[in-house]
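Pasted below: coords23.cif, mmCIF, C-alpha atoms.
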data_structure
#
loop_
_atom_site.label_atom_id
_atom_site.label_comp_id
_atom_site.auth_asym_id
_atom_site.auth_seq_id
_atom_site.Cartn_x
_atom_site.Cartn_y
_atom_site.Cartn_z
CA MET A 1 7.75 -3.44 8.47
CA PHE A 2 9.25 -3.83 11.94
CA PRO A 3 13.03 -4.16 12.14
CA LYS A 4 13.94 -7.86 12.04
CA SER A 5 15.09 -8.38 15.61
CA PHE A 6 12.11 -6.38 16.88
CA LYS A 7 9.77 -8.61 14.89
CA LYS A 8 11.48 -11.75 16.12
CA LEU A 9 10.92 -10.86 19.76
CA ILE A 10 7.29 -10.02 19.01
CA ASP A 11 6.90 -13.46 17.44
CA ASN A 12 8.43 -15.07 20.49
CA PHE A 13 5.98 -13.32 22.79
CA THR A 14 3.06 -14.20 20.52
CA THR A 15 3.71 -17.93 21.09
CA LEU A 16 2.85 -17.46 24.77
CA PRO A 17 -0.72 -18.14 25.92
CA SER A 18 -3.10 -15.15 26.10
CA ILE A 19 -0.61 -12.81 24.42
CA GLY A 20 -1.86 -11.63 21.03
CA PRO A 21 0.14 -9.75 18.38
CA LYS A 22 -0.92 -6.28 19.58
CA MET A 23 -0.04 -7.02 23.17
CA ALA A 24 3.28 -8.54 22.07
CA GLU A 25 4.10 -5.32 20.17
CA ARG A 26 3.42 -3.26 23.28
CA LEU A 27 5.53 -5.56 25.45
CA VAL A 28 8.45 -5.40 23.05
CA LEU A 29 8.24 -1.62 22.76
CA PHE A 30 8.21 -1.46 26.55
CA LEU A 31 11.29 -3.68 26.70
CA PHE A 32 13.00 -1.56 24.06
CA LYS A 33 12.73 1.39 26.43
CA GLN A 34 14.33 -0.53 29.31
CA ASP A 35 18.06 -0.43 29.88
CA ALA A 36 20.25 -3.18 28.48
CA GLN A 37 21.10 -4.57 31.91
CA LYS A 38 17.46 -5.29 32.69
CA LEU A 39 16.97 -7.02 29.35
CA SER A 40 20.06 -9.05 29.92
CA ASP A 41 18.82 -10.11 33.38
CA PHE A 42 15.48 -11.10 31.90
CA ALA A 43 17.18 -13.07 29.13
CA LYS A 44 19.41 -14.79 31.64
CA SER A 45 16.56 -15.80 33.92
CA LEU A 46 14.75 -17.16 30.86
CA GLU A 47 17.79 -19.06 29.67
CA ASP A 48 18.65 -20.47 33.08
CA PHE A 49 15.39 -21.15 34.82
CA LYS A 50 14.84 -24.56 33.31
CA LYS A 51 18.41 -25.69 33.89
CA ASN A 52 17.86 -25.75 37.64
CA LEU A 53 14.38 -27.17 37.51
CA ARG A 54 12.80 -30.52 36.80
CA TYR A 55 9.71 -32.49 37.72
CA CYS A 56 9.75 -34.04 41.17
CA LYS A 57 10.20 -37.80 40.69
CA LYS A 58 7.47 -38.58 43.18
CA CYS A 59 4.71 -35.99 42.78
CA PHE A 60 5.67 -34.24 39.48
CA ASN A 61 5.65 -30.83 41.08
CA ILE A 62 8.30 -28.41 39.81
CA SER A 63 11.42 -29.08 41.77
CA GLU A 64 15.01 -27.95 42.16
CA GLY A 65 16.29 -31.42 43.01
CA GLU A 66 15.24 -34.98 42.34
CA PHE A 67 12.42 -34.61 44.86
CA CYS A 68 10.55 -31.39 45.56
CA SER A 69 10.70 -29.57 48.89
CA ILE A 70 7.23 -30.85 49.78
CA CYS A 71 8.04 -34.52 49.18
CA LYS A 72 11.32 -34.11 51.08
CA ASP A 73 9.61 -32.60 54.12
CA SER A 74 9.15 -35.51 56.53
CA SER A 75 7.08 -33.37 58.89
CA ARG A 76 4.22 -33.39 56.38
CA ASN A 77 1.42 -35.93 56.55
CA GLN A 78 2.66 -38.76 54.35
CA LYS A 79 -0.70 -40.50 54.27
CA THR A 80 -2.66 -37.91 52.31
CA ILE A 81 -2.26 -37.11 48.63
CA CYS A 82 -3.89 -34.09 47.04
CA VAL A 83 -4.30 -34.74 43.30
CA VAL A 84 -4.13 -31.51 41.24
CA GLU A 85 -4.13 -30.65 37.54
CA ASP A 86 -0.92 -28.65 37.39
CA ALA A 87 1.93 -27.30 39.49
CA LEU A 88 0.38 -23.85 39.91
CA ASP A 89 -2.44 -25.49 41.86
CA VAL A 90 0.14 -26.84 44.32
CA PHE A 91 1.45 -23.34 44.96
CA ALA A 92 -2.08 -21.93 45.30
CA ILE A 93 -3.01 -24.59 47.87
CA GLU A 94 0.28 -24.16 49.73
CA LYS A 95 -0.43 -20.43 50.12
CA THR A 96 -3.53 -21.24 52.18
CA ASN A 97 -1.46 -23.04 54.85
CA LYS A 98 -4.46 -25.34 55.35
CA TYR A 99 -3.01 -28.50 53.87
CA ASN A 100 -0.10 -30.46 55.23
CA GLY A 101 -0.05 -33.60 53.10
CA LEU A 102 1.60 -34.54 49.82
CA TYR A 103 0.60 -33.79 46.24
CA HIS A 104 0.32 -35.51 42.91
CA VAL A 105 0.36 -33.37 39.76
CA LEU A 106 -1.69 -35.08 37.02
CA GLY A 107 -0.58 -32.73 34.27
CA GLY A 108 -4.07 -32.06 32.92
CA THR A 109 -7.55 -33.56 32.81
CA LEU A 110 -9.47 -36.08 30.82
CA ASP A 111 -11.31 -34.25 28.09
CA PRO A 112 -13.65 -36.25 25.87
CA VAL A 113 -13.88 -33.37 23.37
CA LYS A 114 -10.14 -33.07 22.84
CA SER A 115 -9.91 -36.86 23.31
CA ALA A 116 -7.28 -36.34 26.01
CA GLU A 117 -6.71 -39.83 27.34
CA ILE A 118 -5.80 -41.14 30.73
CA LYS A 119 -2.44 -42.32 29.44
CA ASN A 120 -1.41 -38.68 28.88
CA LEU A 121 -1.91 -37.96 32.55
CA ARG A 122 0.35 -39.11 35.37
CA PHE A 123 -2.24 -41.59 36.45
CA ALA A 124 -0.15 -44.77 36.30
CA GLU A 125 2.31 -43.01 38.62
CA LEU A 126 -0.54 -42.22 41.02
CA GLU A 127 -1.58 -45.89 40.97
CA LYS A 128 1.96 -46.92 41.87
CA ARG A 129 2.06 -44.46 44.75
CA ILE A 130 -1.24 -45.72 46.09
CA ALA A 131 0.05 -49.28 45.96
CA ALA A 132 3.44 -48.46 47.49
CA GLU A 133 2.66 -45.79 50.12
CA LYS A 134 0.13 -46.34 52.89
CA ILE A 135 -2.28 -43.67 51.74
CA GLU A 136 -5.29 -42.95 53.91
CA GLU A 137 -6.90 -40.09 52.01
CA ILE A 138 -6.88 -38.90 48.44
CA ILE A 139 -8.17 -35.37 47.85
CA LEU A 140 -9.24 -35.00 44.22
CA ALA A 141 -8.46 -31.32 43.74
CA THR A 142 -8.93 -31.06 39.99
CA ASN A 143 -10.68 -27.84 38.93
CA PRO A 144 -14.45 -27.55 39.47
CA THR A 145 -15.08 -27.70 35.71
CA THR A 146 -16.73 -30.37 33.57
CA GLU A 147 -13.33 -31.85 32.69
CA GLY A 148 -12.04 -31.58 36.26
CA ASP A 149 -15.18 -33.22 37.62
CA ALA A 150 -15.00 -36.01 35.05
CA THR A 151 -11.37 -36.68 35.90
CA ALA A 152 -12.11 -36.71 39.63
CA LEU A 153 -15.00 -39.11 39.05
CA TYR A 154 -12.80 -41.40 36.96
CA ILE A 155 -10.14 -41.54 39.66
CA ALA A 156 -12.73 -41.95 42.43
CA ARG A 157 -14.21 -44.97 40.63
CA PHE A 158 -10.79 -46.47 40.19
CA LEU A 159 -10.04 -45.98 43.90
CA LYS A 160 -13.21 -47.77 45.09
CA PRO A 161 -11.60 -51.22 45.56
CA TYR A 162 -8.73 -49.71 47.61
CA ALA A 163 -11.20 -48.44 50.25
CA ILE A 164 -9.22 -45.21 50.60
CA LYS A 165 -11.12 -42.16 51.80
CA THR A 166 -11.65 -40.00 48.73
CA THR A 167 -12.64 -36.35 49.05
CA ARG A 168 -13.19 -33.35 46.84
CA PHE A 169 -12.98 -29.62 47.67
CA ALA A 170 -16.23 -28.02 48.88
CA ARG A 171 -18.36 -26.25 46.30
CA GLY A 172 -20.20 -23.09 47.21
CA LEU A 173 -20.06 -19.34 47.09
CA SER A 174 -16.70 -17.60 46.78
CA THR A 175 -15.88 -15.34 49.70
CA GLY A 176 -16.76 -11.79 48.68
CA ALA A 177 -19.18 -12.98 45.97
CA ASP A 178 -22.80 -11.93 46.06
CA ILE A 179 -25.70 -14.33 45.89
CA GLU A 180 -27.56 -12.26 43.31
CA HIS A 181 -24.82 -12.79 40.73
CA ALA A 182 -23.83 -16.37 41.57
CA ASP A 183 -24.46 -18.85 38.75
CA GLU A 184 -27.19 -21.42 39.33
CA ILE A 185 -24.91 -24.42 39.70
CA THR A 186 -22.72 -22.71 42.28
CA LEU A 187 -25.75 -21.45 44.18
CA SER A 188 -27.30 -24.94 44.08
CA SER A 189 -24.10 -26.40 45.57
CA ALA A 190 -24.09 -23.70 48.22
CA ILE A 191 -27.68 -24.51 49.22
CA VAL A 192 -27.27 -28.28 49.20
CA ASN A 193 -23.99 -28.14 51.14
CA ARG A 194 -25.14 -25.49 53.64
CA ARG A 195 -23.57 -25.75 57.07
CA GLU A 196 -24.87 -25.22 60.56
CA LEU A 197 -23.43 -22.17 62.32
CA MET B 1 7.09 -21.25 47.81
CA PHE B 2 8.06 -21.42 44.13
CA PRO B 3 11.57 -22.66 43.36
CA LYS B 4 13.94 -19.66 43.20
CA SER B 5 14.61 -19.54 39.47
CA PHE B 6 10.92 -20.11 38.73
CA LYS B 7 10.01 -17.19 40.98
CA LYS B 8 12.64 -14.98 39.41
CA LEU B 9 11.23 -15.44 35.92
CA ILE B 10 7.72 -14.78 37.26
CA ASP B 11 9.02 -11.52 38.76
CA ASN B 12 10.58 -10.58 35.44
CA PHE B 13 7.31 -11.11 33.59
CA THR B 14 5.38 -9.19 36.25
CA THR B 15 7.40 -6.05 35.48
CA LEU B 16 5.87 -6.01 31.98
CA PRO B 17 2.77 -3.90 31.38
CA SER B 18 -0.63 -5.66 31.63
CA ILE B 19 0.91 -8.86 33.01
CA GLY B 20 -0.17 -9.52 36.58
CA PRO B 21 1.27 -12.14 38.96
CA LYS B 22 -1.28 -14.84 38.06
CA MET B 23 -0.73 -14.40 34.33
CA ALA B 24 3.05 -14.40 34.89
CA GLU B 25 2.76 -17.72 36.74
CA ARG B 26 0.84 -19.24 33.84
CA LEU B 27 3.36 -17.93 31.29
CA VAL B 28 6.28 -19.34 33.24
CA LEU B 29 4.58 -22.72 33.67
CA PHE B 30 3.92 -22.73 29.93
CA LEU B 31 7.58 -21.95 29.25
CA PHE B 32 8.64 -24.67 31.66
CA LYS B 33 6.84 -27.17 29.46
CA GLN B 34 8.64 -25.98 26.31
CA ASP B 35 11.86 -27.56 25.17
CA ALA B 36 15.17 -25.98 26.15
CA GLN B 37 15.98 -24.94 22.57
CA LYS B 38 12.88 -22.78 22.36
CA LEU B 39 13.65 -21.10 25.66
CA SER B 40 17.17 -20.50 24.56
CA ASP B 41 15.97 -18.89 21.30
CA PHE B 42 13.58 -16.69 23.23
CA ALA B 43 16.33 -15.67 25.64
CA LYS B 44 18.69 -14.92 22.78
CA SER B 45 16.17 -12.77 20.92
CA LEU B 46 15.55 -10.88 24.17
CA GLU B 47 19.25 -10.44 24.84
CA ASP B 48 20.09 -9.38 21.30
CA PHE B 49 17.16 -7.39 20.05
CA LYS B 50 18.29 -4.11 21.51
CA LYS B 51 21.87 -4.49 20.34
CA ASN B 52 20.84 -4.10 16.72
CA LEU B 53 18.30 -1.39 17.35
CA ARG B 54 18.36 2.29 18.19
CA TYR B 55 16.24 5.36 17.71
CA CYS B 56 16.38 6.91 14.23
CA LYS B 57 18.37 10.15 14.54
CA LYS B 58 15.85 12.04 12.51
CA CYS B 59 12.38 10.79 13.39
CA PHE B 60 13.04 8.67 16.53
CA ASN B 61 11.38 5.64 15.06
CA ILE B 62 12.97 2.29 15.96
CA SER B 63 15.78 1.71 13.53
CA GLU B 64 18.47 -0.77 12.63
CA GLY B 65 20.91 1.91 11.49
CA GLU B 66 21.51 5.57 12.22
CA PHE B 67 18.45 6.48 10.19
CA CYS B 68 15.34 4.33 9.86
CA SER B 69 14.24 2.75 6.61
CA ILE B 70 11.50 5.35 6.21
CA CYS B 71 13.82 8.36 6.58
CA LYS B 72 16.33 6.73 4.23
CA ASP B 73 13.70 6.15 1.53
CA SER B 74 14.11 9.09 -0.86
CA SER B 75 11.02 8.06 -2.81
CA ARG B 76 8.84 9.17 0.09
CA ASN B 77 7.29 12.60 0.30
CA GLN B 78 9.91 14.61 2.23
CA LYS B 79 7.60 17.56 2.77
CA THR B 80 5.07 15.89 5.05
CA ILE B 81 5.66 14.85 8.64
CA CYS B 82 3.22 12.70 10.55
CA VAL B 83 3.68 13.30 14.29
CA VAL B 84 2.84 10.23 16.39
CA GLU B 85 3.03 9.29 20.05
CA ASP B 86 5.13 6.17 19.77
CA ALA B 87 6.84 3.86 17.31
CA LEU B 88 3.98 1.35 17.21
CA ASP B 89 1.82 4.08 15.68
CA VAL B 90 4.32 4.34 12.82
CA PHE B 91 3.97 0.64 12.07
CA ALA B 92 0.17 0.81 12.32
CA ILE B 93 0.02 3.71 9.85
CA GLU B 94 2.53 2.04 7.52
CA LYS B 95 0.32 -1.03 7.35
CA THR B 96 -2.46 1.03 5.76
CA ASN B 97 -0.26 1.95 2.75
CA LYS B 98 -2.10 5.27 2.67
CA TYR B 99 0.70 7.53 3.81
CA ASN B 100 3.91 8.17 1.98
CA GLY B 101 5.56 10.94 4.00
CA LEU B 102 7.92 11.01 6.96
CA TYR B 103 7.25 10.58 10.67
CA HIS B 104 8.21 12.11 13.95
CA VAL B 105 7.85 10.04 17.10
CA LEU B 106 7.13 12.32 20.08
CA GLY B 107 7.59 9.63 22.69
CA GLY B 108 4.38 10.39 24.57
CA THR B 109 1.87 13.14 25.18
CA LEU B 110 1.46 16.16 27.36
CA ASP B 111 -0.52 15.15 30.40
CA PRO B 112 -1.53 17.81 32.89
CA VAL B 113 -2.51 15.16 35.46
CA LYS B 114 0.82 13.37 35.43
CA SER B 115 2.51 16.75 34.83
CA ALA B 116 4.27 15.34 31.79
CA GLU B 117 6.00 18.32 30.29
CA ILE B 118 6.83 19.28 26.75
CA LYS B 119 10.54 18.94 27.49
CA ASN B 120 10.09 15.19 27.98
CA LEU B 121 8.76 14.86 24.44
CA ARG B 122 10.86 15.11 21.28
CA PHE B 123 9.36 18.48 20.55
CA ALA B 124 12.56 20.53 20.29
CA GLU B 125 13.72 18.02 17.67
CA LEU B 126 10.46 18.53 15.77
CA GLU B 127 11.03 22.30 15.88
CA LYS B 128 14.49 21.85 14.41
CA ARG B 129 13.15 19.69 11.61
CA ILE B 130 10.48 22.23 10.75
CA ALA B 131 13.11 24.93 10.59
CA ALA B 132 15.61 22.86 8.59
CA GLU B 133 13.42 20.86 6.21
CA LYS B 134 10.94 22.49 3.85
CA ILE B 135 7.86 20.98 5.42
CA GLU B 136 4.51 21.65 3.77
CA GLU B 137 2.20 19.62 5.95
CA ILE B 138 2.26 18.36 9.50
CA ILE B 139 -0.24 15.65 10.39
CA LEU B 140 -0.80 15.60 14.14
CA ALA B 141 -1.53 11.89 14.59
CA THR B 142 -1.50 11.69 18.37
CA ASN B 143 -4.21 9.42 19.78
CA PRO B 144 -7.81 10.70 19.83
CA THR B 145 -7.75 10.95 23.64
CA THR B 146 -7.83 13.97 25.94
CA GLU B 147 -4.03 13.92 26.24
CA GLY B 148 -3.52 13.30 22.52
CA ASP B 149 -5.89 16.11 21.60
CA ALA B 150 -4.21 18.49 24.07
CA THR B 151 -0.78 17.67 22.64
CA ALA B 152 -1.99 18.14 19.06
CA LEU B 153 -3.54 21.49 20.03
CA TYR B 154 -0.32 22.60 21.69
CA ILE B 155 1.73 21.75 18.60
CA ALA B 156 -0.85 23.29 16.25
CA ARG B 157 -0.68 26.56 18.18
CA PHE B 158 3.08 26.53 18.06
CA LEU B 159 2.99 25.93 14.29
CA LYS B 160 0.68 28.92 13.56
CA PRO B 161 3.49 31.42 12.73
CA TYR B 162 5.11 28.96 10.31
CA ALA B 163 1.99 28.88 8.13
CA ILE B 164 2.40 25.16 7.57
CA LYS B 165 -0.73 23.18 6.76
CA THR B 166 -1.63 21.30 9.94
CA THR B 167 -4.05 18.39 9.87
CA ARG B 168 -5.44 15.79 12.20
CA PHE B 169 -6.89 12.33 11.43
CA ALA B 170 -10.64 12.23 10.78
CA ARG B 171 -12.90 11.38 13.70
CA GLY B 172 -15.97 9.29 13.16
CA LEU B 173 -17.35 5.76 13.39
CA SER B 174 -14.99 2.82 13.21
CA THR B 175 -15.59 0.53 10.26
CA GLY B 176 -17.66 -2.40 11.50
CA ALA B 177 -18.95 -0.47 14.51
CA ASP B 178 -22.64 0.03 15.01
CA ILE B 179 -24.29 3.38 15.56
CA GLU B 180 -26.40 2.14 18.44
CA HIS B 181 -23.33 1.43 20.56
CA ALA B 182 -21.12 4.34 19.49
CA ASP B 183 -20.26 6.76 22.29
CA GLU B 184 -21.77 10.24 22.10
CA ILE B 185 -18.58 12.09 21.30
CA THR B 186 -17.67 9.74 18.44
CA LEU B 187 -21.20 9.88 17.07
CA SER B 188 -21.17 13.69 17.30
CA SER B 189 -17.93 13.79 15.31
CA ALA B 190 -19.39 11.41 12.76
CA ILE B 191 -22.45 13.65 12.31
CA VAL B 192 -20.56 16.93 12.16
CA ASN B 193 -17.96 15.55 9.75
CA ARG B 194 -20.43 13.68 7.54
CA ARG B 195 -19.42 13.43 3.87
CA GLU B 196 -21.36 13.63 0.67
CA LEU B 197 -21.57 10.33 -1.21
#

Turn this file's structure into structure tokens for me.
Amino acid sequence: MFPKSFKKLIDNFTTLPSIGPKMAERLVLFLFKQDAQKLSDFAKSLEDFKKNLRYCKKCFNISEGEFCSICKDSSRNQKTICVVEDALDVFAIEKTNKYNGLYHVLGGTLDPVKSAEIKNLRFAELEKRIAAEKIEEIILATNPTTEGDATALYIARFLKPYAIKTTRFARGLSTGADIEHADEITLSSAIVNRREL
Amino acid sequence: MFPKSFKKLIDNFTTLPSIGPKMAERLVLFLFKQDAQKLSDFAKSLEDFKKNLRYCKKCFNISEGEFCSICKDSSRNQKTICVVEDALDVFAIEKTNKYNGLYHVLGGTLDPVKSAEIKNLRFAELEKRIAAEKIEEIILATNPTTEGDATALYIARFLKPYAIKTTRFARGLSTGADIEHADEITLSSAIVNRREL
């Protein structure tokens, strides 16, 4: 029904996560109304963006060179590693300006349901770093979900013999949230972890 | 914070409708994990899709040639024009296989709030078609919204002197909907336009 090249672009958009066929149609119609130069720029940035990028050899963050800008920055605390699920978490944490150590991007979580195994994660690489670098603290910053918690627990257990300080982000109410609508587990965490003013 | 080319692609995605910065980040991370060939295909389909496409000279549908496949199809009823807001409506109506006439894509609606004027729509072109072709029925298939209704009303008034049959899609309950949750206006339409079984 759609002209062929129109349909092809719709199909391409539909492969992306959280974009369904209807949304893809709207996106492509929107693009059709843009001028050719803009489309060409978009196409070029899509074609090129991976050419300049790779995974950092040390922490597996997205990087322009062999090592990412964070790993290359010698002013950062080299004795702390924050373990995250994916690269977007690194950027989210960096935006807070509250962390000055290094990162390690696992590339996912353990998930018993999907039988995602530890060998699919960059866990062996984390082990090597712990052995090679003099790490004093590991922050297990996987998401506060069942899978994220399980993964953090797995790593924490593994780290026991190393006697490295192992921490996890605080759980409690989100800023701006209201208590009435907080889920029970979050509210429980907030009560148990209450702090003196 | 993000590497430059990564950020640039995020910015490109953010210009698309209903894609916010967070969703753009996730899309770009997803694309980063795809193989280069797939990205290259995507980029090519984005670069090329507009080259092969234009607006149909007659009905302003999206077309591969000067006239779209619908306008070129002489087996279709040449005496009926279905006036729609945009090209996606054409494809949606075509999918039903219930309409065999021609189309006219207005390119939007009148909107008093945004002061969208009739001169921005392909209304003059519709006038010309009505004068030139022997049209017997005009279906005003703008969306059932305030703006769509206003636009249909405007065109219907204009068509009065031509004594052309002017229709509008039926209003009532969606198939699969339930009466309990239908909004008042829809339910009113459904009651008023009830049909004998």

Open item on the list: Give me the residues near Ala170 of chain B as a PyMOL selection string, where near means some atom within 10 Å (using only C-alpha atoms) and where sequence neighbours in that chain fewer than 2 positions away do not count.
Closed with: chain B and resi 141+144+167-168+172-173+189-190+193

Open item on the list: When you count only C-alpha atoms, which of these residues is closest to Arg26 of chain A: B:Ile118, B:Leu88, B:Asp48, B:Glu94?
Closed with: B:Leu88

Task: Hits from the PyMOL selection byres ((chain A) within 8 of (chain B)), listed as a PyMOL selection string - done: chain A and resi 1-3+5-6+8-9+12+16-17+25-27+29-32+36+39-40+42-50+52-53+62-64+87-88+91+94-95

Open item on the list: Show me, as JSON, numbers by chain, the residues that have an atom within 12 Å of Thr146 of chain A when counting all atoms listed in the file, minus same-chain residues fewer than 6 positions from it.
Closed with: {"A": [109, 110, 111, 112, 113, 152, 153, 185]}

Open item on the list: Taking 5 positions as the minimum chain separation for residues in the same chain, which residues sit within 12 Å of Leu126 of chain A when counting all atoms listed in the file? Answer as a PyMOL selection string.
Closed with: chain A and resi 57-60+81-84+102-107+118-119+121+131-133+135+138+140+155+158-159

Open item on the list: One decimal, in Å: what's the spacing between atom CA of Glu85 of chain A and atom CA of Thr142 of chain A?
Closed with: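 These two atoms are separated by 5.4 Å.
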
Taking all atoms of segment 88-95 of chain A that the file lists, what box with edges along x, y and z, padded by 5 Å per side, do you get, with centre and edge lengths in Å to one decimal, as JSON?
{"center_x": -0.8, "center_y": -23.6, "center_z": 45.0, "size_x": 14.5, "size_y": 16.4, "size_z": 20.2}

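The gap separating atom CA of Gly101 of chain B from atom CA of Asn143 of chain B is 18.6 Å, in Å to one decimal.
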
TODO: Convert the output of the PyMOL selection byres ((chain B and resi 137) around 6) on the shown file into explicit residues, formatted as a list in words.
DONE: Thr80, Ile135, Glu136, Ile138, Ile164, Lys165 and Thr166 of chain B

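Going from atom CA of Asn100 of chain B over to atom CA of Lys72 of chain B, you cover 12.7 Å.
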